[in-house]
Amino acid sequence: MPYELLISLRYLKAKRKSAFISIITVISTAGVALGVMALIIVLAVMTGFEQDLKEKILGTNAHVVVLKNGGTISEYDGLMARLGKMDGVVAATPFIYNQVMLTSGKHVSGVVLRGIDPQTDVKVTNLHKSMVEGNLQNLLPEHGTISIARKGEPPVPGLIIGRELAKNLNLFVGDRVNVVSPMGNITPLGMVPKMKGFRVAGIFNTGMFEYDSTLAYVELKEAQSFLGLGETVTGIQLKVADVYATGELARKINRELGLEYFARDWMQMNKNILFALKTEKVVMFIILTLIVLVAAFGIASTLFMLVMEKNKDIAILKSMGASGSSIMKIFIMEGLIIGVSGTLVGVISGLLVAKNLEGIVAFVQRLTGFELFSRDVYYLDRFPSQVVPMDVCIISLTAIVISFVATLYPSWQASRLLPSEALRYE
């Protein structure tokens with residue numbers, strides 16, 4: 001063992017008269033551990049929230065959407081076949097997108113009406129997995145119009161709505177609702193809105209309030225007939241093999257299809273919220289790093305006090321031939337031992353908490369009776385927490401580097417100590 005390391009380890013064991021320095025050392029170590037633990041837990045929770053949000057976005061929306069500039073797409077079957085042959089494309093489905101109003105009794109709500117093909121939509125989106133009542137097949141004429149019709153009432157087309165929209169309109173599966181389109185028929189009195197009756201064929205719950213309160217789905221042919229689109233559709237949705245390579249695929253589609261069409265991937269369509277999450281994660285990392293920085297000041301204070309107490313020891317070591325760099329190494333090693341020990345404790349405790357956060361939150365709620373987060377507000381069925389190994393490595397390295405920097409000045413001061421000055425009055 002190098003004698004510098006031996007001496008630094010010995011200095012960590014405080015004598016009876018210098019127990020105060022030992023207490024400060026423990027506090028400094030605990031400060032580093034607390035900062036590292038807080039960083040790991042917070043970043044794990046934010047990563048979990050981000051991943052949960054991405055899953056909900058991708059569960060309702062397609063990975064890539066292809067639209068036509070200034071109009072609808074006719075002969076979409078051929079375009080779908082062409083897009084399906086591209087590398088990375090797994091499946092494709094047509095869709096119709098329009099804004100309408102739903103009326104039920106005295107209740108009225110503006111919604112986005114989406115016409116889908118239930119047989120191909122299940123290959124592209126996860127809407128079928130979000131169904132809490134009914135299923136997508138109820139939209140098909142041979143299934144939905146008969147199975148959900150009330151006894152004695154004529155069958156009408158099926159409509160699938162979100163759980164929040166069902167609450168707002170007080171609707172249940174089997175209830176009748178009117179769909180009103182502002183783009184109606186032109187009469188001598190002006191534009192008359194078009195209205196058609198539908199029956200609730202199912203209710204879905206994506207976990208996102210924006211989707212659950214504003215989306216309604218009907219079968220593609222019914223949407224074409226009601227909106228007067230003929231045999232055209234609004235666009236084509238694509239599912240790809242790699243959700244993080246959609247940007248390159250969208251650019252490739254734009255190049256091959258020309259200016260008549262344009263493609264947008266899910267990151268472009270949700271760039272504001274994804275950018276906000278990423279920025280928030282970076283800002284939280286910077287803010288919580290200040291905790292480690294405060295602990296680093298504790299390490300520096302401990303070393304300053306230790307240098308003042310060990311003046312005579314340093315002078316004797318120098319008189320015996322120890323160089324200034326060796327004295328500097330002693331105190332740098334001591335500071336690094338404190339920093340590395342705190343980092344190790346913080347990483348272990350942070351990982352234990354982050355990996356079992358859901359159970360800890362449930363235990364605290366049972367113990368205190370206080371609900372840490374309301375599921376009705378945040379729309380979460382679990383407390384998301386996802387540990388990223390790279391984040392843990394960056395946090396650990398940052399804590400050790402800060403600890404190392406904190407040791408430099410007091411160690412340099414110790415290396416400059418003159419033996420004659422320290423031993424003058426001994």
# chains A, B, ... in the order shown; residues from 1 in each chain; ligands from 1
>>> residues_around(residues="range 125-133 of chain A", least_positions_apart="4", cutoff="8 Å", atoms="only C-alpha atoms", output="mmCIF file with N, CA and C atoms, in the first residue's frame")
data_model
loop_
_atom_site.group_PDB
_atom_site.id
_atom_site.type_symbol
_atom_site.label_atom_id
_atom_site.label_comp_id
_atom_site.auth_asym_id
_atom_site.auth_seq_id
_atom_site.Cartn_x
_atom_site.Cartn_y
_atom_site.Cartn_z
ATOM 1 N N LEU A 58 -48.092 6.496 -28.561
ATOM 2 C CA LEU A 58 -47.963 5.492 -29.617
ATOM 3 C C LEU A 58 -49.096 4.479 -29.579
ATOM 4 N N GLY A 59 -49.772 4.356 -28.432
ATOM 5 C CA GLY A 59 -50.884 3.429 -28.347
ATOM 6 C C GLY A 59 -52.113 3.922 -29.088
ATOM 7 N N THR A 60 -52.241 5.245 -29.227
ATOM 8 C CA THR A 60 -53.401 5.822 -29.897
ATOM 9 C C THR A 60 -53.071 6.282 -31.309
ATOM 10 N N ASN A 61 -51.878 6.790 -31.503
ATOM 11 C CA ASN A 61 -51.478 7.321 -32.807
ATOM 12 C C ASN A 61 -50.542 6.363 -33.524
ATOM 13 N N ALA A 62 -50.484 6.512 -34.830
ATOM 14 C CA ALA A 62 -49.563 5.708 -35.626
ATOM 15 C C ALA A 62 -48.155 6.290 -35.535
ATOM 16 N N ASP A 121 -56.670 -1.583 -38.593
ATOM 17 C CA ASP A 121 -56.231 -0.656 -37.542
ATOM 18 C C ASP A 121 -55.554 -1.405 -36.395
ATOM 19 N N VAL A 173 -72.677 1.966 -23.241
ATOM 20 C CA VAL A 173 -72.729 1.112 -24.421
ATOM 21 C C VAL A 173 -74.182 0.774 -24.740
ATOM 22 N N GLY A 202 -68.756 0.911 -28.035
ATOM 23 C CA GLY A 202 -67.633 0.583 -27.149
ATOM 24 C C GLY A 202 -67.070 1.833 -26.516
ATOM 25 N N ILE A 203 -66.319 1.637 -25.441
ATOM 26 C CA ILE A 203 -65.682 2.735 -24.711
ATOM 27 C C ILE A 203 -64.214 2.364 -24.504
ATOM 28 N N PHE A 204 -63.316 3.302 -24.806
ATOM 29 C CA PHE A 204 -61.886 3.049 -24.627
ATOM 30 C C PHE A 204 -61.318 3.978 -23.560
ATOM 31 N N ASN A 205 -60.171 3.608 -23.031
ATOM 32 C CA ASN A 205 -59.483 4.404 -22.017
ATOM 33 C C ASN A 205 -57.985 4.325 -22.281
ATOM 34 N N THR A 206 -57.419 5.394 -22.864
ATOM 35 C CA THR A 206 -55.989 5.426 -23.148
ATOM 36 C C THR A 206 -55.167 5.897 -21.965
ATOM 37 N N LYS A 239 -47.242 1.721 -39.286
ATOM 38 C CA LYS A 239 -46.527 1.190 -38.137
ATOM 39 C C LYS A 239 -45.160 0.735 -38.616
#
>>> residues_around(residues="Leu336 in chain A", least_positions_apart="3", cutoff="12 Å", atoms="only C-alpha atoms", output="JSON, numbers by chain")
{"A": [5, 8, 9, 12, 25, 28, 29, 32, 296, 299, 300, 303, 329, 330, 331, 332, 333, 339, 340, 341, 342, 343, 344, 399, 400, 401, 402, 403, 404, 405, 406, 407, 408, 411]}
>>> closest_residue(among="A:Ile236, A:Ile161, A:Leu227, A:Ile27", to="Ala91 in chain A", atoms="only C-alpha atoms")
A:Ile236
>>> atom_distance(atom1="CA of Leu113 in chain A", atom2="CA of Lys252 in chain A")
29.3 Å
>>> residues_around(residues="Met284 in chain A", least_positions_apart="2", cutoff="12 Å", atoms="only C-alpha atoms", output="MDAnalysis selection string")
chainID A and resid 38:47 277:282 286:291
>>> write_last_selection(atoms="C-alpha atoms", output="PDB file, in the first residue's frame")
ATOM      1  CA  ALA A  38     -31.998  11.996  -4.985  1.00  0.00           C
ATOM      2  CA  LEU A  39     -30.600  12.300  -8.515  1.00  0.00           C
ATOM      3  CA  ILE A  40     -31.102   8.605  -9.278  1.00  0.00           C
ATOM      4  CA  ILE A  41     -34.664   8.524  -7.911  1.00  0.00           C
ATOM      5  CA  VAL A  42     -35.829  11.747  -9.589  1.00  0.00           C
ATOM      6  CA  LEU A  43     -34.322  10.891 -12.984  1.00  0.00           C
ATOM      7  CA  ALA A  44     -35.767   7.360 -12.766  1.00  0.00           C
ATOM      8  CA  VAL A  45     -39.247   8.785 -12.085  1.00  0.00           C
ATOM      9  CA  MET A  46     -38.969  11.359 -14.880  1.00  0.00           C
ATOM     10  CA  THR A  47     -37.721   8.705 -17.299  1.00  0.00           C
ATOM     11  CA  LEU A 277     -40.043  16.521 -20.926  1.00  0.00           C
ATOM     12  CA  LYS A 278     -36.435  16.381 -22.114  1.00  0.00           C
ATOM     13  CA  THR A 279     -35.754  19.957 -20.990  1.00  0.00           C
ATOM     14  CA  GLU A 280     -37.353  19.313 -17.605  1.00  0.00           C
ATOM     15  CA  LYS A 281     -35.173  16.250 -17.110  1.00  0.00           C
ATOM     16  CA  VAL A 282     -31.984  18.207 -17.897  1.00  0.00           C
ATOM     17  CA  ILE A 286     -28.675  20.454 -12.954  1.00  0.00           C
ATOM     18  CA  ILE A 287     -30.713  21.525  -9.898  1.00  0.00           C
ATOM     19  CA  LEU A 288     -30.192  18.283  -8.005  1.00  0.00           C
ATOM     20  CA  THR A 289     -26.480  18.301  -8.836  1.00  0.00           C
ATOM     21  CA  LEU A 290     -26.319  21.356  -6.567  1.00  0.00           C
ATOM     22  CA  ILE A 291     -27.002  18.997  -3.646  1.00  0.00           C
TER      23      ILE A 291
END
>>> atom_distance(atom1="CA of Leu229 in chain A", atom2="CA of Val200 in chain A")
22.9 Å
>>> select_by_dssp(residues="range 259-406 of chain A", states="strand (DSSP E)", output="VMD selection string")
chain A and resid 261 to 265
>>> closest_residue(among="A:Ile160, A:Val361, A:Leu367, A:Leu171", to="Phe383 in chain A", atoms="only C-alpha atoms")
A:Val361
>>> closest_residue(among="A:Leu352, A:Leu6, A:Val36, A:Val90", to="Cys393 in chain A", atoms="only C-alpha atoms")
A:Val36
